[in-house]
Amino acid sequence: MNPLSELHEGLGISVDAVRANKLRSTLATLGIVIGIVTVTLMGSAIHGLNQAFIKSVSSLGADVFYVQRNSWFQNYDGWMNTRKRRPIRLKEAEAMAQKLKLASAVAPAIWDDETVRYKTRSASLVDIVGTTEGFLETSGVGIAEGRFLTAADGEGSQPVCVIGNDVVTNLFRGDPPLGARIKVADQSFEVVGVLEKQGSMLGWNLDNRVIIPIRELVADIWHRPNIDEIDVKAADASQVDEAKEELRQTLRNIRHLRPNEPDDFAINQQDLILTLFHETTRTIAIIGLFITSLALFVGGIGIMNIMFVSVAERTREIGVRKALGAKNRSIMLQFLVEAACICLMGGMIGLAIAWVATLAVSKWAFPTSMSGPIVGMALLVSAMTGVVAGFVPAWRAARMDPVEALRNET
Amino acid sequence: MSLIRLQNISRRYQMGAETVHALRGVSLEIARGEYVAIMGPSGSGKSTLMNLLGCLDTPTEGSYELNGAYVSEMDDNELAEIRNREIGFVFQTFNLLPRATALRNVELPLIYAGVPSDERKKTALGALTQVGLADRVHHKPNELSGGQRQRVAIARALVNNPAILLADEPTGNLDSKTGDEIMRLFEDLSRKGNTIIVVTHEEDIAMRSRRIIRLRDGLIASDQATRNGADSINPSIHQSNI
């Protein structure tokens, strides 16, 4: 007897059996239903949180790395150990921009403060940011008027700048800023764009700044090849960790570090939110997994019980089938398929409930979504539970003595 | 050559602390085409003998050769195969699957033989036609009379062209008129060359066969041709070793 027709026969029998005992089979699946509802809801919640998280990661800047000499979090000893590190160079940023595949933008940056003059007015201690066009993306700033720096500005025949909202308020006092010329450390720059108002962060005014091409700053004001940092934005918010590792390896390559040498740079990241997110999803996963396995365990016992009943009820049938030439494994398969079918039915009921619950949760709580893999996994888990729970009863059925089975009076 | 050859078969059961000697050394040969009745009071070992002949059970001692194969040395799987191929069972209580149609019931041995679906349906239909139930193929057992149910069971027993048709009290659950019809069907099948073994405790049922083997206390008490048997073929008769 070939396995396929054996399976087909088993399927036919179990559908008959389930149909004949609708209520009993449905009740027996209760544990499986609960288990599948939990596993599906958990999966959907994590999936939904992931989606929401990926969106918020970019807006909060958690997907931007700041390559600097020192880590943001280090004590005095750490600083002593790292102060002999090489400075970050502009050409390293250029090399990185070419090599990184998981990054969407690379922007070298220098932070300085200078006095800025417009006509007769001046403002001191304005943040001067020397950077490139990539900064628009890595810093997440928006343009209110005009344009941001372009790659061509970097080559710099005509020095240009983009200014923050407070600079406009303080220096221009109603004059149109676009096309005007301001002086930064006695160098003249044409205003080509105005940034959107950003407010302040941790007491630092983000609007009192002038952004100029980094080459101008290095050549005319800074007079040194060292830069403060290289900002790198990950292309895909779901691959932040991969992008970080790529960045690390690339810079090690550029700096020709040997495998046993430690990094002589730091990659800083606003990773508090990442940590928080991972903790949240891990908690959901652990709780969900616990409830799921508990429910599936109880459900599995229910299925085992109902299968023992089914086998006992059909002892005579087993005897007849054996008399007609059914081998032990055919009987075994028949009952395994039956257990799997009952559990699959439970799985589908569970999926239906979970689907409704998912819709409700995404409407009133947080975004969730049921994906194909989750559905597939739920069905697989329920079928597997059936096979595991049905094994002992099926084994007992398969090993039955045909003479005894035929003598059975039920 | 004999179709069935039992040599010094014993079968013991352990019932708690007690050992039951169901068969105590039975030797027996049955040729192809014979129509044999096995008789005996309850406890005589006739059920045990039938189970052994039907390859549902194996002997504690002795050898059983069926159609050239040594059944006494087979494992579960080989026994299942030989039951499927060589034995057609007819039970007192019919033992049809209640939720399956007549056709489906008759198809069952073919399913376990691995016959493809189309051929299976054709063969099963043929077997049902042979027992006169061509118009009842899609009925379920509870929609059929007792006699019709037993006919379905006989069709199921015949569908694999088995070497022997093994019937256990085939008329036990039928009224005498229907029982008579079933016995005529057996006679008909016997004339067509089927080997038939009927286990019964009813004298008049046994008398319709051609040879009666009587068991008592696990041994063959007598083995005689009936009037039907005496004027047809002459079966090899083995006296018991009392």
# chains A, B, ... in the order shown; residues from 1 in each chain; ligands from 1
$ closest_atom_pairs --of "chain A" --to "chain B" --cutoff "8 Å" --atoms "only C-alpha atoms" --output "CSV"
residue,atom,partner,partner_atom,distance
A:Met1,CA,B:Gly114,CA,3.8
A:Asn2,CA,B:Gly114,CA,6.0
A:Ser5,CA,B:Gly114,CA,7.4
A:Glu6,CA,B:Ile111,CA,7.8
A:Glu9,CA,B:Ile111,CA,7.8
A:Asp16,CA,B:Arg99,CA,7.5
A:Arg316,CA,B:Asn95,CA,7.9
A:Glu317,CA,B:Leu97,CA,6.9
A:Val320,CA,B:Asn95,CA,6.6
A:Arg321,CA,B:Leu108,CA,7.9
A:Lys322,CA,B:Ala80,CA,6.6
A:Ala323,CA,B:Arg83,CA,6.4
A:Leu324,CA,B:Pro109,CA,5.3
A:Gly325,CA,B:Asn84,CA,4.0
A:Ala326,CA,B:Tyr112,CA,5.7
A:Lys327,CA,B:Ala80,CA,5.5
A:Asn328,CA,B:Asn77,CA,7.0
A:Pro402,CA,B:Leu56,CA,6.1
A:Val403,CA,B:Leu56,CA,6.1
$ select_by_dssp --residues "range 176-209 of chain B" --states "strand (DSSP E or B)" --output "PyMOL selection string"
chain B and resi 195-199
$ residues_around --residues "range 178-182 of chain B" --least-positions-apart "3" --cutoff "9 Å" --atoms "only C-alpha atoms" --output "list in words"
Gly146, Gly147, Gln150, Arg151, Pro170, Thr171, Gly172, Asn173, Leu174, Asp175, Leu185, Phe186, Glu187 and Ile205 of chain B
$ closest_atom_pairs --of "range 43-129 of chain A" --to "range 371-394 of chain A" --cutoff "9 Å" --atoms "only C-alpha atoms" --output "CSV"
residue,atom,partner,partner_atom,distance
A:Gly43,CA,A:Ile374,CA,6.4
A:Ser44,CA,A:Ser371,CA,7.3
A:His47,CA,A:Ser371,CA,8.1
$ residues_around --residues "Ala95 in chain A" --least-positions-apart "5" --cutoff "12 Å" --atoms "only C-alpha atoms" --output "number ranges by chain"
A: 89-90, 100, 106-108, 230, 247, 250-255
$ write_last_selection --atoms "N, CA and C atoms" --output "tab-separated table (two decimals), in the first residue's frame"
chain	number	residue	atom	x	y	z
A	89	ARG	N	39.42	61.34	10.28
A	89	ARG	CA	39.81	62.14	9.12
A	89	ARG	C	38.67	62.21	8.10
A	90	LEU	N	38.69	63.33	7.37
A	90	LEU	CA	37.68	63.53	6.34
A	90	LEU	C	37.74	62.44	5.28
A	100	LEU	N	30.23	51.38	2.32
A	100	LEU	CA	29.10	50.89	3.11
A	100	LEU	C	27.91	50.54	2.22
A	106	VAL	N	26.06	59.06	4.64
A	106	VAL	CA	27.27	59.23	5.44
A	106	VAL	C	27.59	60.72	5.42
A	107	ALA	N	27.74	61.27	6.62
A	107	ALA	CA	28.03	62.71	6.68
A	107	ALA	C	29.14	62.99	7.69
A	108	PRO	N	30.29	63.45	7.23
A	108	PRO	CA	31.33	63.88	8.16
A	108	PRO	C	30.88	65.21	8.77
A	230	ILE	N	31.83	61.21	12.18
A	230	ILE	CA	31.20	60.81	10.92
A	230	ILE	C	29.84	60.24	11.29
A	247	LEU	N	29.70	48.82	9.54
A	247	LEU	CA	30.41	50.08	9.73
A	247	LEU	C	31.71	49.85	10.49
A	250	THR	N	34.25	48.01	8.33
A	250	THR	CA	34.74	48.85	7.24
A	250	THR	C	35.79	49.84	7.74
A	251	LEU	N	35.48	50.45	8.87
A	251	LEU	CA	36.43	51.43	9.40
A	251	LEU	C	37.73	50.75	9.86
A	252	ARG	N	37.61	49.56	10.42
A	252	ARG	CA	38.82	48.81	10.81
A	252	ARG	C	39.68	48.54	9.58
A	253	ASN	N	39.01	48.21	8.48
A	253	ASN	CA	39.70	47.97	7.22
A	253	ASN	C	40.41	49.22	6.73
A	254	ILE	N	39.66	50.31	6.76
A	254	ILE	CA	40.21	51.57	6.27
A	254	ILE	C	41.44	51.95	7.10
A	255	ARG	N	41.36	51.64	8.40
A	255	ARG	CA	42.47	51.99	9.29
A	255	ARG	C	43.52	50.90	9.39
$ residues_around --residues "Asp135 in chain B" --least-positions-apart "5" --cutoff "12 Å" --atoms "only C-alpha atoms" --output "PyMOL selection string"
chain B and resi 102-103+125-126+128-130+144+148+152
$ atom_distance --atom1 "CA of Val198 in chain B" --atom2 "CA of Pro59 in chain B"
20.1 Å
$ closest_residue --among "A:Asp241, A:Glu338, A:Asp207, A:Asp401" --to "Val15 in chain A" --atoms "only C-alpha atoms"
A:Glu338
$ atom_distance --atom1 "CA of Ile212 in chain B" --atom2 "CA of Pro41 in chain B"
13.7 Å
$ closest_residue --among "A:His223, A:Ile286, A:Gly300, A:Ile267" --to "Cys343 in chain A" --atoms "only C-alpha atoms"
A:Gly300
$ closest_residue --among "A:Arg248, A:Phe265, A:Val141, A:Ala52" --to "Asn81 in chain A" --atoms "only C-alpha atoms"
A:Phe265
$ decode --residues "range 84-121 of chain A" --atoms "N, CA and C atoms" --output "PDB file, in the first residue's frame"
ATOM      1  N   LYS A  84      44.941  58.777  23.132  1.00  0.00           N
ATOM      2  CA  LYS A  84      45.983  58.702  22.103  1.00  0.00           C
ATOM      3  C   LYS A  84      45.457  58.152  20.781  1.00  0.00           C
ATOM      4  N   ARG A  85      44.164  57.952  20.738  1.00  0.00           N
ATOM      5  CA  ARG A  85      43.591  57.448  19.493  1.00  0.00           C
ATOM      6  C   ARG A  85      43.800  58.424  18.350  1.00  0.00           C
ATOM      7  N   ARG A  86      43.844  57.857  17.145  1.00  0.00           N
ATOM      8  CA  ARG A  86      43.945  58.712  15.968  1.00  0.00           C
ATOM      9  C   ARG A  86      42.713  59.580  15.854  1.00  0.00           C
ATOM     10  N   PRO A  87      42.877  60.768  15.348  1.00  0.00           N
ATOM     11  CA  PRO A  87      41.682  61.579  15.077  1.00  0.00           C
ATOM     12  C   PRO A  87      40.932  61.014  13.869  1.00  0.00           C
ATOM     13  N   ILE A  88      39.668  61.399  13.772  1.00  0.00           N
ATOM     14  CA  ILE A  88      38.871  61.001  12.619  1.00  0.00           C
ATOM     15  C   ILE A  88      39.249  61.934  11.464  1.00  0.00           C
ATOM     16  N   ARG A  89      39.421  61.337  10.283  1.00  0.00           N
ATOM     17  CA  ARG A  89      39.811  62.145   9.122  1.00  0.00           C
ATOM     18  C   ARG A  89      38.675  62.211   8.104  1.00  0.00           C
ATOM     19  N   LEU A  90      38.692  63.326   7.371  1.00  0.00           N
ATOM     20  CA  LEU A  90      37.677  63.526   6.344  1.00  0.00           C
ATOM     21  C   LEU A  90      37.742  62.442   5.284  1.00  0.00           C
ATOM     22  N   LYS A  91      38.967  62.023   4.926  1.00  0.00           N
ATOM     23  CA  LYS A  91      39.075  61.031   3.856  1.00  0.00           C
ATOM     24  C   LYS A  91      38.543  59.666   4.291  1.00  0.00           C
ATOM     25  N   GLU A  92      38.512  59.434   5.600  1.00  0.00           N
ATOM     26  CA  GLU A  92      37.902  58.191   6.085  1.00  0.00           C
ATOM     27  C   GLU A  92      36.400  58.190   5.820  1.00  0.00           C
ATOM     28  N   ALA A  93      35.800  59.352   5.987  1.00  0.00           N
ATOM     29  CA  ALA A  93      34.367  59.475   5.702  1.00  0.00           C
ATOM     30  C   ALA A  93      34.100  59.213   4.233  1.00  0.00           C
ATOM     31  N   GLU A  94      34.974  59.739   3.384  1.00  0.00           N
ATOM     32  CA  GLU A  94      34.783  59.548   1.939  1.00  0.00           C
ATOM     33  C   GLU A  94      34.937  58.086   1.554  1.00  0.00           C
ATOM     34  N   ALA A  95      35.956  57.439   2.168  1.00  0.00           N
ATOM     35  CA  ALA A  95      36.168  56.024   1.867  1.00  0.00           C
ATOM     36  C   ALA A  95      34.970  55.200   2.329  1.00  0.00           C
ATOM     37  N   MET A  96      34.437  55.560   3.503  1.00  0.00           N
ATOM     38  CA  MET A  96      33.306  54.822   4.046  1.00  0.00           C
ATOM     39  C   MET A  96      32.073  54.975   3.178  1.00  0.00           C
ATOM     40  N   ALA A  97      31.849  56.208   2.720  1.00  0.00           N
ATOM     41  CA  ALA A  97      30.678  56.481   1.886  1.00  0.00           C
ATOM     42  C   ALA A  97      30.665  55.556   0.671  1.00  0.00           C
ATOM     43  N   GLN A  98      31.864  55.236   0.174  1.00  0.00           N
ATOM     44  CA  GLN A  98      31.936  54.373  -1.002  1.00  0.00           C
ATOM     45  C   GLN A  98      31.715  52.902  -0.667  1.00  0.00           C
ATOM     46  N   LYS A  99      32.140  52.494   0.536  1.00  0.00           N
ATOM     47  CA  LYS A  99      32.147  51.062   0.836  1.00  0.00           C
ATOM     48  C   LYS A  99      30.891  50.537   1.520  1.00  0.00           C
ATOM     49  N   LEU A 100      30.233  51.384   2.319  1.00  0.00           N
ATOM     50  CA  LEU A 100      29.104  50.886   3.110  1.00  0.00           C
ATOM     51  C   LEU A 100      27.913  50.543   2.223  1.00  0.00           C
ATOM     52  N   LYS A 101      27.365  49.351   2.449  1.00  0.00           N
ATOM     53  CA  LYS A 101      26.208  48.942   1.651  1.00  0.00           C
ATOM     54  C   LYS A 101      24.913  49.073   2.439  1.00  0.00           C
ATOM     55  N   LEU A 102      25.002  48.968   3.772  1.00  0.00           N
ATOM     56  CA  LEU A 102      23.801  48.990   4.601  1.00  0.00           C
ATOM     57  C   LEU A 102      23.520  50.389   5.144  1.00  0.00           C
ATOM     58  N   ALA A 103      24.243  51.383   4.597  1.00  0.00           N
ATOM     59  CA  ALA A 103      24.038  52.746   5.061  1.00  0.00           C
ATOM     60  C   ALA A 103      23.365  53.551   3.968  1.00  0.00           C
ATOM     61  N   SER A 104      22.443  54.434   4.376  1.00  0.00           N
ATOM     62  CA  SER A 104      21.772  55.250   3.364  1.00  0.00           C
ATOM     63  C   SER A 104      22.428  56.621   3.230  1.00  0.00           C
ATOM     64  N   ALA A 105      23.120  57.049   4.287  1.00  0.00           N
ATOM     65  CA  ALA A 105      23.789  58.354   4.193  1.00  0.00           C
ATOM     66  C   ALA A 105      25.006  58.380   5.107  1.00  0.00           C
ATOM     67  N   VAL A 106      26.056  59.055   4.639  1.00  0.00           N
ATOM     68  CA  VAL A 106      27.267  59.229   5.438  1.00  0.00           C
ATOM     69  C   VAL A 106      27.594  60.719   5.424  1.00  0.00           C
ATOM     70  N   ALA A 107      27.739  61.274   6.624  1.00  0.00           N
ATOM     71  CA  ALA A 107      28.034  62.711   6.677  1.00  0.00           C
ATOM     72  C   ALA A 107      29.143  62.986   7.685  1.00  0.00           C
ATOM     73  N   PRO A 108      30.293  63.452   7.227  1.00  0.00           N
ATOM     74  CA  PRO A 108      31.329  63.876   8.162  1.00  0.00           C
ATOM     75  C   PRO A 108      30.876  65.209   8.771  1.00  0.00           C
ATOM     76  N   ALA A 109      31.275  65.451  10.000  1.00  0.00           N
ATOM     77  CA  ALA A 109      30.827  66.711  10.610  1.00  0.00           C
ATOM     78  C   ALA A 109      31.876  67.284  11.554  1.00  0.00           C
ATOM     79  N   ILE A 110      31.942  68.613  11.544  1.00  0.00           N
ATOM     80  CA  ILE A 110      32.783  69.349  12.487  1.00  0.00           C
ATOM     81  C   ILE A 110      31.886  70.345  13.178  1.00  0.00           C
ATOM     82  N   TRP A 111      32.012  70.434  14.479  1.00  0.00           N
ATOM     83  CA  TRP A 111      31.207  71.394  15.230  1.00  0.00           C
ATOM     84  C   TRP A 111      32.122  72.498  15.766  1.00  0.00           C
ATOM     85  N   ASP A 112      31.722  73.701  15.518  1.00  0.00           N
ATOM     86  CA  ASP A 112      32.532  74.837  15.942  1.00  0.00           C
ATOM     87  C   ASP A 112      31.564  75.931  16.400  1.00  0.00           C
ATOM     88  N   ASP A 113      32.079  76.960  17.075  1.00  0.00           N
ATOM     89  CA  ASP A 113      31.212  78.129  17.257  1.00  0.00           C
ATOM     90  C   ASP A 113      31.986  79.386  16.905  1.00  0.00           C
ATOM     91  N   GLU A 114      31.295  80.246  16.198  1.00  0.00           N
ATOM     92  CA  GLU A 114      31.923  81.452  15.673  1.00  0.00           C
ATOM     93  C   GLU A 114      30.930  82.601  15.773  1.00  0.00           C
ATOM     94  N   THR A 115      31.439  83.755  15.520  1.00  0.00           N
ATOM     95  CA  THR A 115      30.556  84.910  15.420  1.00  0.00           C
ATOM     96  C   THR A 115      30.094  85.042  13.981  1.00  0.00           C
ATOM     97  N   VAL A 116      28.797  85.273  13.815  1.00  0.00           N
ATOM     98  CA  VAL A 116      28.221  85.388  12.482  1.00  0.00           C
ATOM     99  C   VAL A 116      27.741  86.831  12.291  1.00  0.00           C
ATOM    100  N   ARG A 117      28.043  87.411  11.124  1.00  0.00           N
ATOM    101  CA  ARG A 117      27.639  88.797  10.871  1.00  0.00           C
ATOM    102  C   ARG A 117      26.771  88.874   9.633  1.00  0.00           C
ATOM    103  N   TYR A 118      25.776  89.750   9.718  1.00  0.00           N
ATOM    104  CA  TYR A 118      24.967  90.092   8.547  1.00  0.00           C
ATOM    105  C   TYR A 118      24.816  91.604   8.551  1.00  0.00           C
ATOM    106  N   LYS A 119      25.228  92.214   7.458  1.00  0.00           N
ATOM    107  CA  LYS A 119      25.270  93.676   7.416  1.00  0.00           C
ATOM    108  C   LYS A 119      25.968  94.195   8.665  1.00  0.00           C
ATOM    109  N   THR A 120      25.276  94.947   9.452  1.00  0.00           N
ATOM    110  CA  THR A 120      25.946  95.498  10.630  1.00  0.00           C
ATOM    111  C   THR A 120      25.688  94.673  11.872  1.00  0.00           C
ATOM    112  N   ARG A 121      24.744  93.750  11.773  1.00  0.00           N
ATOM    113  CA  ARG A 121      24.395  92.976  12.964  1.00  0.00           C
ATOM    114  C   ARG A 121      25.309  91.761  13.103  1.00  0.00           C
TER     115      ARG A 121
END
